[in-house]
Every structure is written in structure tokens, then in C-alpha cells.
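A.B. asks: My structure is below; once you've seen it, I'll send some questions.
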Amino acid sequence: MPKVLDGTAIAAAIKQEVAEEVRALAARGIRPGLAAVLVGHVPASEIYVRSKVQTCADLGLYSDLITPPDTVTTEEMLDLVAALNARDDIDGILIQLPLPKQVDTKALLDAVLPAKDVDGFHPVNAGRLQAGRPALAPCTPAGVIEILKRSHIPISGAHAVVVGRSDIVGKPAAMLLLHENATVTICHSKTRDLGEVTRQADILVAAIGRPGFIAPEMVKPGATVIDVGINRITTREEFDRFFAGNEKREAAFLKRGSTLVGDVHPKAFELSGAYTPVPGGVGPLTIAMLMASTVRAAKMRRGL
Ligand code: NDP
């Protein structure tokens, strides 16, 4: 039987450690602060951001939720970021994506002070990460490494195959795995004979954004499979394709009218040695790592 890597439990342990660090900093008169910028009314973004703000409160961090209207301009957003860059009570700035079409997302992410870039999206932090210097790393890939390490999955010397090369997940995940001494292969939509490559993976990281894309025959038996994908499925046909016969899932699907599936087909998990489920795998780590990143930014900014 494959081992289920319980992201919810790992995230809870990290949050507890963050809360302890926040208490230790409070004793020195320091309270790490996160500014969360949520533009307009994108339901998924609202859920994510409220959950991030709530987690700040739970762990003792200060947070400021800023909610510009969806008519906001790039110039207004740049002014907002400049003000947050200058505020001493703010250690981390989070701009929830996606932004409305009229806002220049890249210009905005580049305007965040690298020292406050707790999402690790600024090119300076991407460069530092690549150069192996202290950097604020993107939260989801950092969470992938925490899951592997805390589950005692050997990374050094392992062949890690990352499917996906986005700046937010795939590339930084590959870089972090390389720093942990994995032999890393990065795959993408132009990779020839993808299954041939993924079958060589001791650690397979799927960050594609296509429901159940990694089929059972693409996984080496016994491999560790990390499924970063979060895809909502709403049709009976899709449900049956992934979860036919899974009564617990079916009850939840019928109740809510949707369920989540990762980028890995659930049948592929059965062959693995260990895997992260969806939901309850990589997802919960993202917020925990954001909190850890904010505390780290607070300490780095003060030279601690
Ligand atoms: P992007 O769309 O930015 O990147 C997807 C990557 O997958 C691209 O590099 C693309 O290749 C590659 N890809 C697409 N189709 C194929 C294919 N047929 N074969 C091989 N590679 C392919 O997505 P993100 O990186 O932002 O997100 C990936 C997934 O992770 C999504 O499901 C997203 O919801 C989830 N996610 C989860 C988070 C969490 O908290 N757990 C946080 C962030 C994302 P190419 O570059 O050639 O186009």
C-alpha cells in the first residue's frame, strides 16, 4: 500500500513552529506583518486571501487586508505597493493573482521590494534562488520540499522529474530539488515521449493544470508522486473517469456538485510508494509556507 503524505498534518506542524517563532519575536518587540492585496471580487481569490488573513490572526502575525476595486489602474496599484514598501509594520506583501486585465501584473510584481516579496515572485528572488543565495522562495514549491523532507523521502541522488515549468511552481520546484542534490529533469508541453521520462522518476512532481493528466503507465512503481494540481471537476462524466466506485467521493460530489482532482490520475497513486492526495496534500502547505516566509522576511529585514 502506498503511503499517503498528509499535507494537512505537515502544514499544522509548520504553523505551530511559526507561532512559536512569532512569540519569540514578540518578546523582542517585533510583530511580523503581512499586507494582502485583493482586487475586485474573484470568488476563489477571496477564499484564499481570507484564509491567509485568518491564519495570520491564528499565529499572531499582524495583517492588513487591502481591497481595491476591480476598476483599479496600474498606476494606482503601483502607488499602493510603494506605500506598502515604505511601511515599517509590513514585512510581507502579497498581491493575490489573477489581477484584472487592465493591470500590468509583471510591472506590479517587479515593484514589490524584494525584501518584502514573501511569494518569491520578484526576479531578484528568482535569481537569488537560482544562485543558491538566501532568498524568499515561492511558497508552493517550498511546501513540496517540506513534505518530502518531513516525510523522510530521500532527495539527494534521486531522479526528480518535474512536469511543468511555470515561474510560480515548476521552475522554482526544480531549482529547490536541485539544491537538495536531486538529479532534476524538467518537462513541459513540448517534451517528446513524456511517459518515457516520467517513468524514470524516483520523485515525480506534477504541476500542469490538467485534471488527472499523469496516467498510471507514466509512473514508476514505488515512486514518490507529488501532485501540485488543483482542478475542479463538475460533470458526471469527469467524475466517473477519475473516481468511479469511490462512494465517499461520490457522496461529496453529489452534495456539492463538484470535487477536486489533481494533475495525477487517482489510479496512478495506487502504484506509487508515497503520494500527496488532492485535496489535503500540497494545497495546505502553501499558506503555512507563506506564514513562514513572512516571519523569515521580518527577521531578514532586521538582520536577525
Ligand atoms: P501554468 O499553467 O502556469 O503551467 C503549466 C505547465 O504545465 C506549463 O509549463 C506547461 O508547459 C505544462 N504543460 C501543460 N500541458 C502539458 C502537457 N500536455 N504535457 C506536459 N506539460 C504540460 O500552471 P501553474 O504552474 O501555475 O500551476 C500548475 C498546477 O498547480 C495547476 O493545477 C494549479 O492549479 C496548481 N497550483 C496549486 C497550488 C497549490 O497551492 N497547491 C499553487 C499554484 C498552482 P508549457 O510551459 O510548455 O506551456
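Naming scheme: A, B, ... for chains in displayed order of the C-alpha cells; residues 1 onward per chain; ligands 1 onward as shown.
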Hey, which bits of chain A sit within 6 Å of ligand 1, and for each residue what's the closest pair of atoms and how far apart in Å (one decimal), counting only C-alpha atoms and all ligand atoms, rows by chain and increasing number, as a Markdown table?
C.D. replies:
| residue | atom | partner | partner_atom_place_in_ligand_line | distance |
| --- | --- | --- | --- | --- |
| A:Thr140 | CA | ligand 1 | 40 (O) | 5.4 |
| A:Val163 | CA | ligand 1 | 21 (N) | 5.6 |
| A:Gly164 | CA | ligand 1 | 6 (C) | 3.7 |
| A:Arg165 | CA | ligand 1 | 9 (O) | 3.7 |
| A:Ser166 | CA | ligand 1 | 25 (O) | 4.4 |
| A:Ile168 | CA | ligand 1 | 25 (O) | 5.8 |
| A:Val169 | CA | ligand 1 | 25 (O) | 4.7 |
| A:Gly170 | CA | ligand 1 | 25 (O) | 5.7 |
| A:His188 | CA | ligand 1 | 21 (N) | 3.5 |
| A:Ser189 | CA | ligand 1 | 21 (N) | 3.7 |
| A:Lys190 | CA | ligand 1 | 47 (O) | 5.5 |
| A:Ala207 | CA | ligand 1 | 28 (C) | 4.0 |
| A:Ile208 | CA | ligand 1 | 7 (O) | 3.4 |
| A:Gly209 | CA | ligand 1 | 32 (O) | 3.2 |
| A:Val228 | CA | ligand 1 | 30 (O) | 4.7 |
| A:Gly229 | CA | ligand 1 | 32 (O) | 3.3 |
| A:Ile230 | CA | ligand 1 | 34 (O) | 4.2 |
| A:Asn231 | CA | ligand 1 | 32 (O) | 5.6 |
| A:Val282 | CA | ligand 1 | 41 (N) | 4.9 |
| A:Gly283 | CA | ligand 1 | 41 (N) | 3.7 |
| A:Thr286 | CA | ligand 1 | 40 (O) | 5.0 |
A.B. asks: Please identify which residues in range 22-90 of chain A DSSP calls helix (DSSP H, G or I) from the backbone, and express them as a ChimeraX atom specification.
C.D. replies: /A:22-26,43-59,74-86
A.B. asks: If you run DSSP on the backbone, which residues of range 63-172 of chain A are strand (DSSP E), as a list in words?
C.D. replies: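 Restricting range 63-172 of chain A to strand (DSSP E) produces Ser63, Asp64, Leu65, Ile66, Gly92, Ile93, Leu94, Ile95, His159, Ala160, Val161, Val162 and Val163 of chain A.
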A.B. asks: Nearest residue to Leu78 in chain A out of A:Lys106, A:Lys101, A:Arg128, A:Lys171, using only C-alpha atoms?
C.D. replies: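 Nearest to Leu78 in chain A: A:Lys106.
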A.B. asks: Need to verify the contact set: range 33-36 of chain A, 8 Å, only C-alpha atoms, exclusion of same-chain residues closer than 5 positions in sequence. Can you return it as a list in words?
C.D. replies: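 Listed by chain and then number, they are Val49, Val53, Cys56, Leu61, Tyr62, Ser63, Asp64, Leu65, Ile66, Leu84, Asp89, Ile90, Asp91, Gly92, Ile93, Leu94, Ile95, Gln96, Thr294 and Ala298 of chain A.
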A.B. asks: With only C-alpha atoms as the basis for distance, which of A:Glu250, A:Glu146, A:Glu270, A:Asp117 is at the shortest distance from Ala215 in chain A?
C.D. replies: A:Glu270
A.B. asks: Please report as JSON lines every residue of range 42-89 of chain A lying within 9 Å of range 287-293 of chain A, along with the nearest atom pair and their distance in Å (one decimal), using only C-alpha atoms.
C.D. replies:
{"residue": "A:Tyr48", "atom": "CA", "partner": "A:Ile287", "partner_atom": "CA", "distance": 8.7}
{"residue": "A:Ser51", "atom": "CA", "partner": "A:Ile287", "partner_atom": "CA", "distance": 8.1}
{"residue": "A:Lys52", "atom": "CA", "partner": "A:Ile287", "partner_atom": "CA", "distance": 6.2}
{"residue": "A:Thr55", "atom": "CA", "partner": "A:Ile287", "partner_atom": "CA", "distance": 7.8}
{"residue": "A:Cys56", "atom": "CA", "partner": "A:Met291", "partner_atom": "CA", "distance": 7.0}
{"residue": "A:Leu59", "atom": "CA", "partner": "A:Met291", "partner_atom": "CA", "distance": 8.4}
{"residue": "A:Leu61", "atom": "CA", "partner": "A:Met291", "partner_atom": "CA", "distance": 8.2}
A.B. asks: Output the selection as an mmCIF file, in the first residue's frame - N, CA and C atoms for each residue.
C.D. replies:
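Final output, saved to selection.cif:
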data_model
loop_
_atom_site.group_PDB
_atom_site.id
_atom_site.type_symbol
_atom_site.label_atom_id
_atom_site.label_comp_id
_atom_site.auth_asym_id
_atom_site.auth_seq_id
_atom_site.Cartn_x
_atom_site.Cartn_y
_atom_site.Cartn_z
ATOM 1 N N TYR A 48 -9.099 32.291 -0.781
ATOM 2 C CA TYR A 48 -7.668 32.128 -0.461
ATOM 3 C C TYR A 48 -7.191 33.241 0.472
ATOM 4 N N SER A 51 -8.536 33.203 4.004
ATOM 5 C CA SER A 51 -7.884 32.124 4.738
ATOM 6 C C SER A 51 -6.462 32.520 5.160
ATOM 7 N N LYS A 52 -5.755 33.265 4.300
ATOM 8 C CA LYS A 52 -4.405 33.728 4.643
ATOM 9 C C LYS A 52 -4.467 34.732 5.802
ATOM 10 N N THR A 55 -5.254 32.950 9.004
ATOM 11 C CA THR A 55 -4.094 32.201 9.517
ATOM 12 C C THR A 55 -3.114 33.152 10.201
ATOM 13 N N CYS A 56 -2.954 34.367 9.651
ATOM 14 C CA CYS A 56 -2.115 35.376 10.330
ATOM 15 C C CYS A 56 -2.626 35.589 11.752
ATOM 16 N N LEU A 59 -1.907 32.721 14.124
ATOM 17 C CA LEU A 59 -0.499 32.508 14.503
ATOM 18 C C LEU A 59 0.122 33.728 15.172
ATOM 19 N N LEU A 61 0.459 36.851 13.767
ATOM 20 C CA LEU A 61 1.039 37.842 12.862
ATOM 21 C C LEU A 61 0.041 38.985 12.685
#
A.B. asks: Pick the closest to Arg87 in chain A from A:Leu113, A:Ala223, A:Leu148, A:Leu129: which is it, counting only C-alpha atoms?
C.D. replies: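 Smallest distance to Arg87 in chain A is found for A:Leu113.
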